[in-house]
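What follows is the content of query_28.cif (mmCIF, C-alpha atoms and all ligand atoms).
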data_query
loop_
_atom_site.label_atom_id
_atom_site.label_comp_id
_atom_site.auth_asym_id
_atom_site.auth_seq_id
_atom_site.Cartn_x
_atom_site.Cartn_y
_atom_site.Cartn_z
CA MET T 1 0.00 0.00 0.00
CA ASN T 2 1.19 3.52 -0.68
CA THR T 3 1.81 5.02 2.77
CA GLU T 4 1.45 8.54 1.35
CA THR T 5 -2.28 8.04 1.01
CA ILE T 6 -3.02 6.87 4.56
CA ILE T 7 -4.81 9.56 6.52
CA LYS T 8 -4.19 9.50 10.28
CA ARG T 9 -7.38 9.91 12.27
CA ILE T 10 -6.71 12.24 15.20
CA ALA T 11 -8.52 12.70 18.52
CA ILE T 12 -7.63 15.99 20.17
CA PHE T 13 -8.34 15.86 23.88
CA GLY T 14 -8.25 19.52 24.95
CA SER T 15 -8.84 21.00 21.49
CA THR T 16 -9.77 24.46 22.80
CA GLY T 17 -6.45 25.04 24.55
CA SER T 18 -3.15 26.47 23.37
CA ILE T 19 -1.79 23.10 22.18
CA GLY T 20 -5.19 21.98 20.84
CA THR T 21 -5.74 25.07 18.69
CA GLN T 22 -2.18 24.97 17.34
CA ALA T 23 -2.64 21.30 16.46
CA LEU T 24 -5.74 22.25 14.49
CA ASP T 25 -3.66 24.88 12.65
CA VAL T 26 -1.21 22.13 11.68
CA ILE T 27 -4.00 19.79 10.58
CA ALA T 28 -5.76 22.55 8.60
CA VAL T 29 -2.76 22.92 6.28
CA ASN T 30 -2.32 19.14 5.93
CA PRO T 31 -5.77 17.81 5.04
CA ASP T 32 -4.19 15.05 2.93
CA LYS T 33 -2.43 13.65 6.02
CA PHE T 34 -4.81 14.09 8.94
CA ALA T 35 -8.50 13.89 9.69
CA VAL T 36 -9.99 15.19 12.93
CA GLU T 37 -12.31 12.57 14.46
CA VAL T 38 -12.66 13.69 18.08
CA LEU T 39 -12.57 17.13 19.73
CA THR T 40 -12.98 17.74 23.45
CA ALA T 41 -13.41 20.92 25.50
CA HIS T 42 -14.08 21.59 29.14
CA ASN T 43 -15.85 24.97 29.31
CA ASN T 44 -15.35 26.65 25.98
CA ASP T 45 -18.44 25.43 24.12
CA GLU T 46 -18.36 28.29 21.62
CA LEU T 47 -14.90 27.47 20.34
CA LEU T 48 -15.67 23.75 20.39
CA VAL T 49 -18.70 24.30 18.15
CA GLN T 50 -16.69 26.52 15.79
CA GLN T 51 -13.95 23.90 15.55
CA ALA T 52 -16.46 21.11 14.96
CA LEU T 53 -18.20 23.04 12.18
CA ARG T 54 -14.86 23.62 10.51
CA PHE T 55 -13.23 20.17 10.93
CA ASN T 56 -16.34 17.96 10.89
CA PRO T 57 -15.30 15.34 13.47
CA ASN T 58 -17.14 12.12 14.19
CA LEU T 59 -17.89 13.33 17.73
CA VAL T 60 -17.19 15.97 20.35
CA VAL T 61 -17.16 16.00 24.15
CA ILE T 62 -18.05 19.02 26.27
CA GLY T 63 -16.94 18.62 29.88
CA ASP T 64 -19.47 20.98 31.42
CA GLU T 65 -22.78 19.08 31.27
CA LYS T 66 -24.79 22.31 31.48
CA LYS T 67 -23.57 23.14 28.00
CA TYR T 68 -24.58 19.86 26.42
CA THR T 69 -27.88 21.06 24.93
CA ARG T 70 -26.32 24.12 23.38
CA VAL T 71 -23.55 22.11 21.72
CA LYS T 72 -25.98 19.39 20.63
CA GLU T 73 -28.33 21.90 19.01
CA ALA T 74 -25.46 23.49 17.10
CA LEU T 75 -24.07 20.21 15.75
CA VAL T 76 -26.94 17.72 15.43
CA SER T 77 -27.86 18.75 11.90
CA LYS T 78 -24.26 18.08 10.79
CA GLY T 79 -24.38 14.50 12.03
CA ILE T 80 -21.72 15.16 14.69
CA LYS T 81 -22.30 13.18 17.88
CA VAL T 82 -22.13 15.07 21.16
CA PHE T 83 -21.17 13.69 24.58
CA ALA T 84 -20.88 15.51 27.91
CA GLY T 85 -19.21 15.09 31.29
CA GLU T 86 -15.99 13.78 32.71
CA LYS T 87 -16.84 10.08 32.23
CA ALA T 88 -17.49 10.64 28.53
CA LEU T 89 -13.78 11.41 28.02
CA GLU T 90 -12.91 7.87 29.10
CA GLU T 91 -15.71 6.34 27.02
CA VAL T 92 -14.62 8.20 23.91
CA ALA T 93 -10.94 7.39 24.51
CA VAL T 94 -11.61 3.69 23.79
CA MET T 95 -13.68 4.18 20.64
CA ASP T 96 -12.49 2.81 17.31
CA CYS T 97 -13.01 5.98 15.29
CA TYR T 98 -9.47 7.34 15.71
CA ASP T 99 -5.82 6.21 15.49
CA LEU T 100 -3.85 8.73 17.54
CA MET T 101 -4.78 10.74 20.63
CA LEU T 102 -3.22 14.16 21.05
CA ALA T 103 -3.30 14.40 24.85
CA ALA T 104 -3.62 18.16 25.31
CA ILE T 105 -5.81 18.45 28.39
CA VAL T 106 -4.05 20.37 31.16
CA GLY T 107 -3.24 18.70 34.48
CA TYR T 108 -4.34 15.56 36.29
CA ALA T 109 -7.72 15.65 34.52
CA GLY T 110 -6.04 14.20 31.43
CA LEU T 111 -4.74 11.04 33.13
CA ARG T 112 -7.71 8.67 32.99
CA PRO T 113 -8.50 9.18 29.30
CA VAL T 114 -4.82 8.69 28.38
CA LEU T 115 -4.66 5.43 30.36
CA LYS T 116 -7.85 4.21 28.67
CA ALA T 117 -6.51 5.08 25.22
CA ILE T 118 -3.24 3.23 25.90
CA SER T 119 -5.11 0.15 27.16
CA ASN T 120 -7.03 0.21 23.91
CA GLY T 121 -3.86 0.33 21.80
CA LYS T 122 -4.05 3.95 20.63
CA ALA T 123 -0.88 5.84 19.83
CA ILE T 124 -0.38 8.90 22.04
CA ALA T 125 1.09 12.28 21.14
CA LEU T 126 1.68 13.56 24.65
CA ALA T 127 1.51 17.23 25.61
CA ASN T 128 -0.12 16.57 28.99
CA LYS T 129 3.10 16.10 30.99
CA GLU T 130 1.24 15.91 34.31
CA THR T 131 0.03 12.39 33.38
CA LEU T 132 3.62 11.12 33.46
CA VAL T 133 4.43 13.08 36.61
CA VAL T 134 1.49 11.50 38.43
CA ALA T 135 1.70 7.89 37.23
CA GLY T 136 4.61 7.61 34.82
CA ASP T 137 5.60 4.08 35.85
CA ILE T 138 2.10 2.69 35.29
CA MET T 139 1.53 4.64 32.10
CA MET T 140 4.80 3.59 30.44
CA ARG T 141 4.38 -0.03 31.57
CA LYS T 142 0.92 -0.11 29.99
CA ALA T 143 2.32 1.48 26.84
CA VAL T 144 4.99 -1.22 26.54
CA GLU T 145 2.46 -4.00 27.23
CA ASN T 146 0.12 -2.67 24.56
CA ARG T 147 2.94 -1.75 22.12
CA VAL T 148 1.70 1.81 22.09
CA PRO T 149 4.08 4.60 21.08
CA VAL T 150 4.11 7.63 23.38
CA ILE T 151 5.48 10.47 21.27
CA PRO T 152 6.37 13.63 23.14
CA VAL T 153 4.92 17.02 22.16
CA ASP T 154 6.66 19.02 24.88
CA SER T 155 9.40 20.86 22.96
CA GLU T 156 12.30 19.66 25.16
CA HIS T 157 11.21 16.04 24.99
CA SER T 158 10.51 16.28 21.29
CA ALA T 159 14.08 17.56 20.94
CA ILE T 160 15.48 14.61 22.90
CA PHE T 161 13.27 12.20 20.95
CA GLN T 162 14.55 13.67 17.67
CA CYS T 163 18.18 13.42 18.88
CA LEU T 164 17.61 9.73 19.63
CA VAL T 165 16.43 8.78 16.15
CA GLY T 166 18.96 6.25 14.84
CA GLU T 167 20.57 5.81 18.29
CA THR T 168 18.56 2.87 19.66
CA ARG T 169 21.67 0.80 20.41
CA ASN T 170 23.59 3.64 22.04
CA ARG T 171 23.46 4.42 25.73
CA ILE T 172 22.51 7.91 26.85
CA GLU T 173 25.01 9.41 29.30
CA LYS T 174 22.73 12.30 30.12
CA VAL T 175 20.06 14.58 28.72
CA ILE T 176 20.34 18.33 29.04
CA LEU T 177 16.94 19.97 29.38
CA THR T 178 17.02 23.61 28.40
CA ALA T 179 14.85 26.15 30.22
CA SER T 180 14.17 29.72 29.17
CA GLY T 181 14.15 30.80 32.81
CA GLY T 182 10.77 32.48 32.38
CA PRO T 183 9.90 36.14 32.94
CA PHE T 184 11.73 36.36 36.29
CA LEU T 185 15.13 35.06 35.25
CA GLY T 186 17.84 36.68 37.36
CA ARG T 187 15.36 37.97 39.94
CA LYS T 188 15.70 37.32 43.67
CA PRO T 189 13.08 36.57 46.37
CA ASN T 190 12.87 40.24 47.43
CA TYR T 191 11.52 40.97 43.92
CA LEU T 192 9.40 37.85 43.57
CA VAL T 193 7.56 38.55 46.81
CA ASN T 194 5.63 41.31 45.06
CA VAL T 195 5.00 39.89 41.58
CA LYS T 196 1.42 39.79 40.42
CA ARG T 197 -0.54 37.38 38.30
CA GLU T 198 -0.46 39.62 35.20
CA HIS T 199 3.30 39.89 35.31
CA ALA T 200 3.81 36.15 35.83
CA LEU T 201 1.56 35.47 32.83
CA GLN T 202 3.96 37.28 30.48
CA HIS T 203 6.33 34.62 29.15
CA PRO T 204 9.23 35.99 27.08
CA ASN T 205 9.35 33.26 24.38
CA TRP T 206 6.15 31.19 24.36
CA THR T 207 2.40 31.87 24.39
CA MET T 208 0.79 29.04 26.34
CA GLY T 209 -2.16 28.22 28.56
CA PRO T 210 -2.24 29.95 32.00
CA LYS T 211 -1.20 26.97 34.13
CA ILE T 212 1.98 26.11 32.24
CA THR T 213 2.83 29.82 31.96
CA ILE T 214 2.84 30.12 35.75
CA ASP T 215 4.76 26.83 36.01
CA SER T 216 7.37 28.34 33.69
CA ALA T 217 7.67 31.46 35.84
CA THR T 218 8.23 29.37 39.01
CA LEU T 219 10.44 26.80 37.19
CA MET T 220 8.04 24.06 38.33
CA ASN T 221 7.54 23.40 34.63
CA LYS T 222 11.18 22.33 34.33
CA GLY T 223 10.78 20.14 37.40
CA LEU T 224 7.74 18.44 35.87
CA GLU T 225 9.75 18.03 32.68
CA MET T 226 12.62 16.29 34.50
CA ILE T 227 10.15 13.71 35.75
CA GLU T 228 8.53 13.52 32.31
CA ALA T 229 11.98 12.83 30.79
CA LYS T 230 12.71 10.13 33.33
CA TRP T 231 9.69 8.10 32.23
CA LEU T 232 9.76 8.83 28.52
CA PHE T 233 13.43 7.91 28.09
CA ASN T 234 13.89 5.50 31.00
CA LEU T 235 16.54 7.63 32.72
CA LYS T 236 18.00 7.74 36.20
CA PRO T 237 17.62 11.07 38.03
CA GLU T 238 21.36 11.76 37.79
CA GLN T 239 21.17 11.51 33.98
CA ILE T 240 18.92 14.58 33.79
CA GLN T 241 20.46 18.05 33.91
CA VAL T 242 18.72 21.40 33.58
CA VAL T 243 20.45 24.39 32.00
CA ILE T 244 19.03 27.88 31.54
CA HIS T 245 19.11 29.01 27.90
CA PRO T 246 17.15 32.26 27.64
CA GLN T 247 16.84 32.37 23.83
CA SER T 248 14.98 29.01 23.59
CA ILE T 249 16.73 28.08 20.31
CA ILE T 250 18.27 24.81 21.52
CA HIS T 251 15.23 22.87 22.64
CA SER T 252 17.27 20.22 24.51
CA MET T 253 20.29 17.94 24.05
CA VAL T 254 21.46 14.38 24.47
CA GLN T 255 25.00 13.46 25.50
CA PHE T 256 26.14 9.96 24.59
CA GLU T 257 28.78 7.70 26.19
CA ASP T 258 31.51 9.01 23.92
CA GLY T 259 30.88 12.58 25.10
CA SER T 260 29.27 13.58 21.81
CA ILE T 261 26.30 15.92 22.25
CA LYS T 262 23.38 16.22 19.86
CA ALA T 263 21.05 19.22 20.03
CA GLN T 264 17.77 19.94 18.28
CA MET T 265 17.26 23.60 17.39
CA GLY T 266 14.80 25.94 15.80
CA LEU T 267 12.74 29.01 16.51
CA PRO T 268 10.43 28.56 19.50
CA ASP T 269 7.10 27.55 17.98
CA MET T 270 5.04 24.70 19.42
CA LYS T 271 3.61 23.92 15.99
CA LEU T 272 6.93 22.26 15.13
CA PRO T 273 6.95 19.61 17.89
CA ILE T 274 3.18 19.19 17.47
CA GLN T 275 3.50 18.43 13.77
CA TYR T 276 6.52 16.17 14.38
CA ALA T 277 4.50 14.12 16.89
CA LEU T 278 1.43 13.92 14.65
CA ALA T 279 3.39 12.95 11.53
CA PHE T 280 6.11 10.80 13.15
CA PRO T 281 8.16 9.15 11.71
CA LYS T 282 7.86 11.59 8.80
CA ARG T 283 8.73 15.26 8.70
CA ILE T 284 6.34 17.59 6.93
CA ARG T 285 7.47 20.54 4.85
CA ASN T 286 6.12 23.88 6.11
CA ASP T 287 6.44 27.61 5.62
CA MET T 288 7.14 28.57 9.22
CA PRO T 289 9.96 31.13 9.75
CA ARG T 290 13.49 29.68 9.92
CA TYR T 291 16.21 30.42 12.48
CA ASP T 292 19.08 32.36 10.93
CA PHE T 293 22.46 31.98 12.66
CA ARG T 294 23.76 35.11 10.92
CA LYS T 295 21.13 37.33 12.56
CA VAL T 296 21.38 36.17 16.19
CA SER T 297 24.91 36.20 17.46
CA THR T 298 24.72 34.72 20.95
CA LEU T 299 23.23 31.75 22.66
CA ASN T 300 23.67 31.86 26.45
CA PHE T 301 23.67 29.14 29.08
CA GLU T 302 23.71 29.28 32.87
CA GLU T 303 22.89 27.22 35.92
CA PRO T 304 19.38 27.50 37.33
CA ASP T 305 19.07 29.43 40.61
CA VAL T 306 17.37 26.76 42.72
CA LYS T 307 17.76 28.82 45.91
CA THR T 308 15.40 31.43 44.47
CA PHE T 309 13.24 29.14 42.35
CA ARG T 310 12.72 26.53 45.05
CA ASN T 311 10.06 24.66 43.09
CA LEU T 312 12.85 23.21 40.96
CA ALA T 313 14.57 21.91 44.10
CA LEU T 314 11.30 20.40 45.34
CA ALA T 315 10.73 18.71 42.01
CA THR T 316 14.29 17.35 42.00
CA ASP T 317 13.57 15.90 45.43
CA ALA T 318 10.37 14.29 44.09
CA LEU T 319 12.29 12.94 41.09
CA ASN T 320 14.95 11.38 43.37
CA LYS T 321 12.57 9.89 45.95
CA GLY T 322 9.93 8.71 43.45
CA GLY T 323 6.94 6.73 44.77
CA ASN T 324 3.84 8.88 45.17
CA LEU T 325 5.86 12.05 45.86
CA PRO T 326 5.73 13.45 42.27
CA CYS T 327 1.96 12.80 42.27
CA VAL T 328 1.55 14.66 45.59
CA MET T 329 3.73 17.52 44.38
CA ASN T 330 1.76 17.80 41.16
CA ALA T 331 -1.57 17.94 42.99
CA ALA T 332 -0.33 20.60 45.41
CA ASN T 333 1.09 22.58 42.51
CA GLU T 334 -2.20 22.47 40.61
CA ILE T 335 -4.01 23.82 43.68
CA ALA T 336 -1.33 26.46 44.32
CA VAL T 337 -1.31 27.71 40.72
CA PHE T 338 -5.11 27.79 40.68
CA ALA T 339 -5.06 29.90 43.86
CA PHE T 340 -2.36 32.23 42.53
CA LEU T 341 -4.29 32.77 39.29
CA ARG T 342 -7.26 33.83 41.42
CA ASN T 343 -5.10 36.19 43.49
CA ARG T 344 -5.65 34.09 46.61
CA ILE T 345 -1.96 33.50 47.39
CA SER T 346 1.27 35.23 46.42
CA PHE T 347 3.93 34.00 44.03
CA LEU T 348 6.28 32.69 46.75
CA GLU T 349 3.45 31.19 48.81
CA MET T 350 2.90 28.70 45.99
CA THR T 351 6.19 27.04 46.94
CA ASP T 352 5.26 26.93 50.64
CA VAL T 353 1.98 25.17 49.84
CA ILE T 354 3.75 22.57 47.70
CA GLU T 355 6.51 21.98 50.24
CA LYS T 356 4.14 21.57 53.20
CA THR T 357 1.92 19.21 51.24
CA MET T 358 4.91 17.09 50.21
CA GLN T 359 5.99 16.90 53.86
CA ASN T 360 2.56 15.90 55.15
CA ILE T 361 1.10 13.30 52.82
CA SER T 362 2.22 9.74 53.64
CA PHE T 363 4.92 8.40 51.37
CA ILE T 364 4.16 5.26 49.36
CA GLU T 365 7.18 3.69 47.72
CA LYS T 366 5.43 1.50 45.14
CA PRO T 367 1.97 2.93 44.59
CA THR T 368 -0.82 1.22 42.69
CA LEU T 369 -3.00 3.27 40.37
CA GLU T 370 -5.60 3.50 43.15
CA ASP T 371 -2.86 4.80 45.49
CA TYR T 372 -2.07 7.53 42.96
CA PHE T 373 -5.73 8.54 42.73
CA GLU T 374 -5.94 8.65 46.53
CA SER T 375 -2.65 10.52 46.99
CA ASP T 376 -3.82 13.09 44.46
CA GLY T 377 -7.09 13.62 46.34
CA GLU T 378 -5.40 13.81 49.75
CA ALA T 379 -2.79 16.26 48.50
CA ARG T 380 -5.42 18.47 46.91
CA ASN T 381 -7.47 18.57 50.11
CA PHE T 382 -4.41 19.28 52.24
CA ALA T 383 -3.20 22.07 49.94
CA ALA T 384 -6.68 23.60 49.65
CA ASP T 385 -7.02 23.60 53.47
CA LEU T 386 -3.69 25.41 53.79
CA ILE T 387 -4.94 28.10 51.44
CA LYS T 388 -8.46 27.98 52.91
CA LEU T 389 -9.92 27.64 49.42
P1 LIG I 401 -4.76 25.31 28.02
O1 LIG I 401 -5.17 25.75 29.37
O2 LIG I 401 -4.54 26.32 26.97
O3 LIG I 401 -5.80 24.23 27.46
C1 LIG I 401 -6.24 23.17 28.24
C2 LIG I 401 -7.26 22.32 27.50
O4 LIG I 401 -7.76 21.33 28.41
C3 LIG I 401 -8.49 23.11 27.04
O5 LIG I 401 -9.01 22.49 25.90
C4 LIG I 401 -9.45 22.94 28.23
O6 LIG I 401 -10.82 23.10 27.86
C5 LIG I 401 -9.16 21.52 28.63
N1 LIG I 401 -9.41 21.27 30.05
C6 LIG I 401 -9.09 22.07 31.10
N2 LIG I 401 -9.46 21.50 32.25
C7 LIG I 401 -10.05 20.32 31.93
C8 LIG I 401 -10.68 19.30 32.70
N3 LIG I 401 -10.77 19.35 34.03
N4 LIG I 401 -11.19 18.24 32.03
C9 LIG I 401 -11.11 18.15 30.69
N5 LIG I 401 -10.54 19.09 29.91
C10 LIG I 401 -10.01 20.16 30.54
O7 LIG I 401 -3.42 24.42 28.23
P2 LIG I 401 -2.21 24.22 27.23
O8 LIG I 401 -2.72 23.89 25.86
O9 LIG I 401 -1.23 25.29 27.41
O10 LIG I 401 -1.53 22.92 27.85
C11 LIG I 401 -2.06 21.62 27.69
C12 LIG I 401 -1.03 20.60 28.19
O11 LIG I 401 0.11 20.68 27.34
C13 LIG I 401 -0.52 20.90 29.61
O12 LIG I 401 -0.30 19.70 30.27
C14 LIG I 401 0.80 21.62 29.36
O13 LIG I 401 1.72 21.41 30.40
C15 LIG I 401 1.27 20.94 28.08
N6 LIG I 401 2.18 21.77 27.28
C16 LIG I 401 1.75 22.95 26.76
C17 LIG I 401 2.59 23.75 26.01
C18 LIG I 401 2.10 25.02 25.39
O14 LIG I 401 2.85 25.64 24.62
N7 LIG I 401 0.91 25.47 25.66
C19 LIG I 401 3.99 23.36 25.77
C20 LIG I 401 4.33 22.08 26.32
C21 LIG I 401 3.45 21.32 27.05
P3 LIG I 401 -11.59 24.55 27.88
O15 LIG I 401 -10.63 25.54 27.35
O16 LIG I 401 -12.74 24.31 26.95
O17 LIG I 401 -12.03 24.83 29.27
MG MG I 402 8.47 22.28 27.61
#
Just dump the structure as structure tokens.
Ligand code: NDP
Ligand code: MG
Amino acid sequence: MNTETIIKRIAIFGSTGSIGTQALDVIAVNPDKFAVEVLTAHNNDELLVQQALRFNPNLVVIGDEKKYTRVKEALVSKGIKVFAGEKALEEVAVMDCYDLMLAAIVGYAGLRPVLKAISNGKAIALANKETLVVAGDIMMRKAVENRVPVIPVDSEHSAIFQCLVGETRNRIEKVILTASGGPFLGRKPNYLVNVKREHALQHPNWTMGPKITIDSATLMNKGLEMIEAKWLFNLKPEQIQVVIHPQSIIHSMVQFEDGSIKAQMGLPDMKLPIQYALAFPKRIRNDMPRYDFRKVSTLNFEEPDVKTFRNLALATDALNKGGNLPCVMNAANEIAVFAFLRNRISFLEMTDVIEKTMQNISFIEKPTLEDYFESDGEARNFAADLIKL
């Protein structure tokens, strides 16, 4: 069969978000390669309906059940099926109408549908890093058992993945995760104590959803990414190094046993790793702007300041200790970021909430999936009580 003619059927879980909408941009210019079969949104019914009318999927899911009727009325005449509620995400994840799930829901909420999709043999293009932070061992084990590829969308992990093409027999000495440093690079606690939500939401290099933008400002994002890298590439904690690279041109690097280092580079644009993950193993030609070495003269690198950005130290601790600690940290972080975005706690208080929660929830060395669900719930309650949410 001519592989050129096979159209991949895509399910975008979280289609109304930053990753979801950029994925639709990629698909829109490649209608000969991809068909959209599933779209899901949580609250944004208007955008979901617009997307469905444009891409004509088999079905859509709206998380908020109060919006079901409105979405149904808008799409019924087009023959597009409509589902609502949290459970529907898991039901749709196991349907036969698609080949590859783009996991682009933010946070823990994306975990159950991803696990269902893997159990049902669906390939995963993974943006939702929190799923691996919470239950990376279980998720990757299931993926191996079901021979399911988990292809990273996160730019750093896409870079590492691209560096590893053709290197299956060669041992990785270490991976070097690059971090932009976020909007507060070089700042100290006496400055951070006063920063407000609006300021923290201004990322210098990337436009992303609100949660990951705050995670980038606190460096928690890089901590989550260390844990993500551990599971995706089967690494030991000491094989993962973070380096600050403010220009975000080198997206990450792999150092092999002979000391040779491979880097993947390009202008910062999430459409590139998204399209690589959707089209893997092929590359697709595009007209996006190119990086020109003659126009930018310097690329800088420095060590992260973990004394100021303590979330990165907490995440390193979670990475080293393992068990349910990354899951607990992730839950506390989701609560803390939610509270910060609602002006309920300050920038530095986010770290205190995460640290206290990590100290207080019982450690489980080898958690089951149920243990992860319970640890997540306990950590959320504990963190919310601290903040008095
Ligand atoms: P956004 O906040 O922009 O989008 C999140 C998506 O998930 C939306 O479609 C939203 O629906 C949906 N959603 C939110 N909460 C729930 C819930 N409880 N149940 C079901 N669906 C929900 O996030 P991003 O696109 O920025 O990020 C998505 C994931 O990708 C995150 O895990 C992030 O870390 C990761 N990532 C993002 C990058 C980026 O550039 N944005 C880069 C690398 C990784 P609705 O809008 O309708 O409410
Ligand atoms: Mg990233």
Non-local contacts of stretch 30-34 of chain T (6 Å; all atoms listed in the file; under 5 positions in same chain excluded) as a PyMOL selection string: chain T and resi 7-9
Quick one: everything within 8 Å of T:Lys271, counting only C-alpha atoms, minus sequence neighbours fewer than 2 positions away in the same chain. Send it as a ChimeraX atom specification. /T:22-23,26,269,273-275
Go ahead and save the residues from that selection, with C-alpha atoms, as a PDB file, in the coordinates of the input.
ATOM      1  CA  GLN T  22      -2.180  24.970  17.340  1.00  0.00           C
ATOM      2  CA  ALA T  23      -2.640  21.300  16.460  1.00  0.00           C
ATOM      3  CA  VAL T  26      -1.210  22.130  11.680  1.00  0.00           C
ATOM      4  CA  ASP T 269       7.100  27.550  17.980  1.00  0.00           C
ATOM      5  CA  PRO T 273       6.950  19.610  17.890  1.00  0.00           C
ATOM      6  CA  ILE T 274       3.180  19.190  17.470  1.00  0.00           C
ATOM      7  CA  GLN T 275       3.500  18.430  13.770  1.00  0.00           C
TER       8      GLN T 275
END
As a quick test: using only C-alpha atoms and all ligand atoms, which residues lie no more than 9 Å away from ligand MG 402 (chain I)? Give them as number ranges by chain. T: 127, 129, 153-158, 177-179, 212, 216, 221-222, 225, 251
Return as number ranges by chain every polymer residue, whether protein, DNA or RNA, with at least one atom no more than 7 Å from an atom of ligand LIG 401 (chain I); count all atoms listed in the file. T: 13-20, 40-45, 63, 86, 104-107, 109-110, 127-130, 153-155, 206-212, 270
Fewer than 4 positions away in the same chain doesn't count, so skip those; otherwise give me all residues within 9 Å of T:Met253, counting all atoms listed in the file, as a compact mmCIF listing (two decimals) with C-alpha atoms, keeping the file's coordinate frame.
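Writing done, so here's selection02.txt:
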# COMPACT_ATOMS: atom_id res chain seq x y z
CA GLU T 156 12.30 19.66 25.16
CA ALA T 159 14.08 17.56 20.94
CA ILE T 160 15.48 14.61 22.90
CA CYS T 163 18.18 13.42 18.88
CA LYS T 174 22.73 12.30 30.12
CA VAL T 175 20.06 14.58 28.72
CA ILE T 176 20.34 18.33 29.04
CA LEU T 177 16.94 19.97 29.38
CA THR T 178 17.02 23.61 28.40
CA ILE T 261 26.30 15.92 22.25
CA LYS T 262 23.38 16.22 19.86
CA ALA T 263 21.05 19.22 20.03
CA GLN T 264 17.77 19.94 18.28
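By only C-alpha atoms, and with residues fewer than 2 positions from T:Phe363 along its chain excluded, the set lying at most 10 Å from it is Lys321, Gly322, Gly323, Asn324, Leu325, Val328, Met358, Gln359, Asn360, Ile361, Glu365, Lys366, Pro367 and Ser375 of chain T.
Restricting the calculation to only C-alpha atoms, the smallest distance between T:Glu46 and any of T:Leu299, T:Ile345, T:Ile62, T:Leu100 is found for T:Ile62.
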So that I can check the surroundings of T:Leu185, please list as a PyMOL selection string every protein, DNA and RNA residue that reaches within 12 Å of it, counting all atoms listed in the file and ignoring chain neighbours fewer than 5 positions away. chain T and resi 179-180+191-192+200+203-204+216-219+244-247+302-306+308-309
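Here atom CA of T:Val76 and atom CA of T:Val60 stand 11.1 Å from one another.
Checking T:Lys196, T:Lys67, T:Arg112, T:Lys282 one by one against T:Val165, counting all atoms listed in the file, you find the shortest gap at T:Lys282.
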Atom pair atom CA of T:Leu102 / atom CA of T:Phe280: separation (Å): 12.7 Å
Taking (-0.5, 10.0, 41.9) in the file's coordinates as the center, which residues reach within 6 Å of it, counting all atoms listed in the file, put as a PyMOL selection string? chain T and resi 134-135+324+327+372-373+375-376
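For the atom pair formed by atom CA of T:Ile138 and atom CA of T:Ala117, the distance is 13.5 Å, given to one decimal.
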Using all atoms listed in the file: which of T:Glu370, T:Tyr68, T:Leu132, T:Gly121 has the shortest distance to T:Glu145: T:Gly121
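The residue that comes closest to T:Asn120, out of T:Arg147, T:Arg310, T:Lys236, T:Arg342 and on the basis of all atoms listed in the file, is T:Arg147.
Distances here use only C-alpha atoms; by that measure, the residue among T:Leu115, T:Met226, T:Val148, T:Ala384 closest to T:Asn320 is T:Met226.
Shortest atom-to-atom contact with T:Glu91 among T:Lys66, T:Leu201, T:Lys116, T:Leu232: T:Lys116, counting only C-alpha atoms.
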